[in-house]
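Asks: Okay, so here is model-v2.pdb, and as you'll see once you scroll down, it has PDB, C-alpha atoms.
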```pdb
ATOM      1  CA  MET I  27       6.432  19.345   0.391
ATOM      2  CA  LYS I  28       4.242  20.023  -2.654
ATOM      3  CA  SER I  29       6.105  19.446  -5.895
ATOM      4  CA  LYS I  30       5.534  19.212  -9.623
ATOM      5  CA  THR I  31       7.153  16.508 -11.742
ATOM      6  CA  ILE I  32       9.067  18.030 -14.653
ATOM      7  CA  TYR I  33      10.391  14.826 -16.200
ATOM      8  CA  SER I  34      10.239  11.168 -15.219
ATOM      9  CA  GLU I  35      11.843   7.897 -16.288
ATOM     10  CA  SER I  36      11.067   4.445 -14.974
ATOM     11  CA  PHE I  37      12.148   0.866 -15.526
ATOM     12  CA  SER I  38      11.713  -2.492 -13.846
ATOM     13  CA  ASN I  39      13.755  -5.606 -13.234
ATOM     14  CA  GLY I  40      11.684  -8.525 -12.003
ATOM     15  CA  GLU I  41       9.752  -7.419  -8.919
ATOM     16  CA  ARG I  42      11.832  -4.216  -8.552
ATOM     17  CA  TYR I  43      10.617  -0.948 -10.028
ATOM     18  CA  PHE I  44      12.715   2.192 -10.334
ATOM     19  CA  PHE I  45      11.547   5.773 -10.808
ATOM     20  CA  ILE I  46      13.805   8.736 -11.543
ATOM     21  CA  ASP I  47      11.960  12.038 -11.292
ATOM     22  CA  MET I  48      13.115  15.620 -11.729
ATOM     23  CA  LYS I  49      10.738  17.767  -9.715
ATOM     24  CA  ARG I  50      10.198  21.406  -8.818
ATOM     25  CA  THR I  51       9.166  22.572  -5.355
ATOM     26  CA  SER I  52       6.357  25.057  -4.848
ATOM     27  CA  LYS I  53       9.081  27.687  -4.342
ATOM     28  CA  GLY I  54      10.666  26.882  -7.731
ATOM     29  CA  HIS I  55      13.695  24.836  -6.619
ATOM     30  CA  LEU I  56      14.666  21.689  -8.527
ATOM     31  CA  PHE I  57      15.354  18.312  -6.971
ATOM     32  CA  LEU I  58      15.976  14.785  -8.171
ATOM     33  CA  LYS I  59      14.066  11.921  -6.562
ATOM     34  CA  ILE I  60      15.165   8.326  -7.130
ATOM     35  CA  THR I  61      12.768   5.659  -5.877
ATOM     36  CA  ARG I  62      13.017   1.876  -5.749
ATOM     37  CA  SER I  63       9.793  -0.038  -5.159
ATOM     38  CA  ASP I  64       9.974  -3.744  -4.294
ATOM     39  CA  ARG I  65       6.917  -5.960  -4.531
ATOM     40  CA  SER I  66       6.450  -8.148  -1.458
ATOM     41  CA  VAL I  67       5.057 -11.673  -1.395
ATOM     42  CA  ASP I  68       1.763 -10.334   0.034
ATOM     43  CA  GLY I  69       1.393  -7.960  -2.940
ATOM     44  CA  SER I  70       2.297  -4.793  -1.056
ATOM     45  CA  TYR I  71       5.218  -2.573  -2.014
ATOM     46  CA  ASN I  72       8.192  -1.396   0.003
ATOM     47  CA  ARG I  73       9.511   1.938  -1.258
ATOM     48  CA  THR I  74      12.878   3.546  -0.657
ATOM     49  CA  SER I  75      13.727   7.011  -1.974
ATOM     50  CA  ILE I  76      16.637   9.388  -2.062
ATOM     51  CA  VAL I  77      16.243  13.095  -2.755
ATOM     52  CA  ILE I  78      19.072  15.257  -4.121
ATOM     53  CA  PHE I  79      18.412  18.971  -4.047
ATOM     54  CA  GLU I  80      19.411  21.373  -6.801
ATOM     55  CA  GLU I  81      22.455  22.755  -4.974
ATOM     56  CA  ASP I  82      23.863  19.207  -4.586
ATOM     57  CA  LEU I  83      23.131  17.851  -8.084
ATOM     58  CA  GLU I  84      26.502  18.801  -9.567
ATOM     59  CA  PHE I  85      28.380  17.082  -6.718
ATOM     60  CA  PHE I  86      26.151  14.021  -6.904
ATOM     61  CA  ILE I  87      26.601  13.620 -10.683
ATOM     62  CA  THR I  88      30.362  14.171 -10.437
ATOM     63  CA  SER I  89      30.672  11.597  -7.645
ATOM     64  CA  LEU I  90      28.482   9.072  -9.430
ATOM     65  CA  SER I  91      30.526   9.497 -12.600
ATOM     66  CA  SER I  92      33.740   8.973 -10.624
ATOM     67  CA  VAL I  93      32.411   5.773  -9.050
ATOM     68  CA  PHE I  94      31.480   4.396 -12.482
ATOM     69  CA  HIS I  95      34.805   5.469 -13.978
ATOM     70  CA  HIS I  96      36.842   3.761 -11.252
ATOM     71  CA  THR I  97      34.812   0.557 -11.062
ATOM     72  CA  ILE I  98      32.557  -0.413 -13.928
ATOM     73  CA  LEU I  99      34.320   1.428 -16.733
ATOM     74  CA  SER I 100      37.934   0.576 -15.878
TER      75      SER I 100
END
```
Please express what this file holds, its structure, as structure tokens.
Replies:
Amino acid sequence: MKSKTIYSESFSNGERYFFIDMKRTSKGHLFLKITRSDRSVDGSYNRTSIVIFEEDLEFFITSLSSVFHHTILS
């Protein structure tokens, strides 16, 4: 899937690197891609990503907010 990054944020914590990218597909649809990249002892990286498509973003944000509200923020 060809895509164009619209906006990106990144941060690290030790040997873990996180990337949060809002992208647009070649057909114009938005999606959010969250990637965690862990540096291995041999210097290589193991990457794990989750993609949330435009039609699911509202549900994802609402659910994430609910999890924070009922755990971290209470």
Asks: Just so the selection is clear, what residues does the PyMOL selection byres ((chain I and resi 34-36) around 10) cover here, as a PDB file with C-alpha atoms, keeping the file's coordinate frame?
Replies:
```pdb
ATOM      1  CA  THR I  31       7.153  16.508 -11.742  1.00  0.00           C
ATOM      2  CA  ILE I  32       9.067  18.030 -14.653  1.00  0.00           C
ATOM      3  CA  TYR I  33      10.391  14.826 -16.200  1.00  0.00           C
ATOM      4  CA  PHE I  37      12.148   0.866 -15.526  1.00  0.00           C
ATOM      5  CA  SER I  38      11.713  -2.492 -13.846  1.00  0.00           C
ATOM      6  CA  TYR I  43      10.617  -0.948 -10.028  1.00  0.00           C
ATOM      7  CA  PHE I  44      12.715   2.192 -10.334  1.00  0.00           C
ATOM      8  CA  PHE I  45      11.547   5.773 -10.808  1.00  0.00           C
ATOM      9  CA  ILE I  46      13.805   8.736 -11.543  1.00  0.00           C
ATOM     10  CA  ASP I  47      11.960  12.038 -11.292  1.00  0.00           C
ATOM     11  CA  MET I  48      13.115  15.620 -11.729  1.00  0.00           C
ATOM     12  CA  LYS I  49      10.738  17.767  -9.715  1.00  0.00           C
ATOM     13  CA  LEU I  58      15.976  14.785  -8.171  1.00  0.00           C
ATOM     14  CA  LYS I  59      14.066  11.921  -6.562  1.00  0.00           C
ATOM     15  CA  ILE I  60      15.165   8.326  -7.130  1.00  0.00           C
ATOM     16  CA  THR I  61      12.768   5.659  -5.877  1.00  0.00           C
ATOM     17  CA  ARG I  62      13.017   1.876  -5.749  1.00  0.00           C
TER      18      ARG I  62
END
```
Asks: Find the residues around Arg50 in chain I up to 6 Å (only C-alpha atoms counted), leave out those fewer than 5 positions away in its own chain, and share them as an mmCIF file with C-alpha atoms, in the coordinates of the input.
Replies:
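Here's the written file part11.cif:
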```
data_model
loop_
_atom_site.group_PDB
_atom_site.id
_atom_site.type_symbol
_atom_site.label_atom_id
_atom_site.label_comp_id
_atom_site.auth_asym_id
_atom_site.auth_seq_id
_atom_site.Cartn_x
_atom_site.Cartn_y
_atom_site.Cartn_z
ATOM 1 C CA SER I 29 6.105 19.446 -5.895
ATOM 2 C CA LYS I 30 5.534 19.212 -9.623
ATOM 3 C CA HIS I 55 13.695 24.836 -6.619
ATOM 4 C CA LEU I 56 14.666 21.689 -8.527
#
```
Asks: Just to confirm, what's the straight-line distance from CA of Tyr71 in chain I to CA of Phe57 in chain I in Å (one decimal)?
Replies: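 Computed distance, CA of Tyr71 in chain I to CA of Phe57 in chain I, equals 23.7 Å.
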Asks: What does the distance from CA of Lys53 in chain I to CA of Ile87 in chain I come to in Å, to one decimal?
Replies: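 Those two atoms sit 23.3 Å apart.
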Asks: Please list as a list of chain:residue names every residue within 12 Å of Gly69 in chain I, counting all atoms listed in the file and excluding residues in the same chain fewer than 5 positions away.
Replies: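 Result of the neighbour search: I:Glu41, I:Ser63, I:Asp64.
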Asks: Kindly give the distance, in Å, that separates CA of Val67 in chain I and CA of Gly40 in chain I, rounded to a single decimal.
Replies: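 If I compute the distance from CA of Val67 in chain I to CA of Gly40 in chain I, I get 12.9 Å.
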Asks: Give the padded box for range 28-46 of chain I as JSON: axis-aligned, covering all atoms listed in the file, 3 Å on each side, centre and edge lengths in Å to one decimal.
Replies:
```
{"center_x": 9.0, "center_y": 5.7, "center_z": -9.5, "size_x": 15.6, "size_y": 34.5, "size_z": 19.6}
```
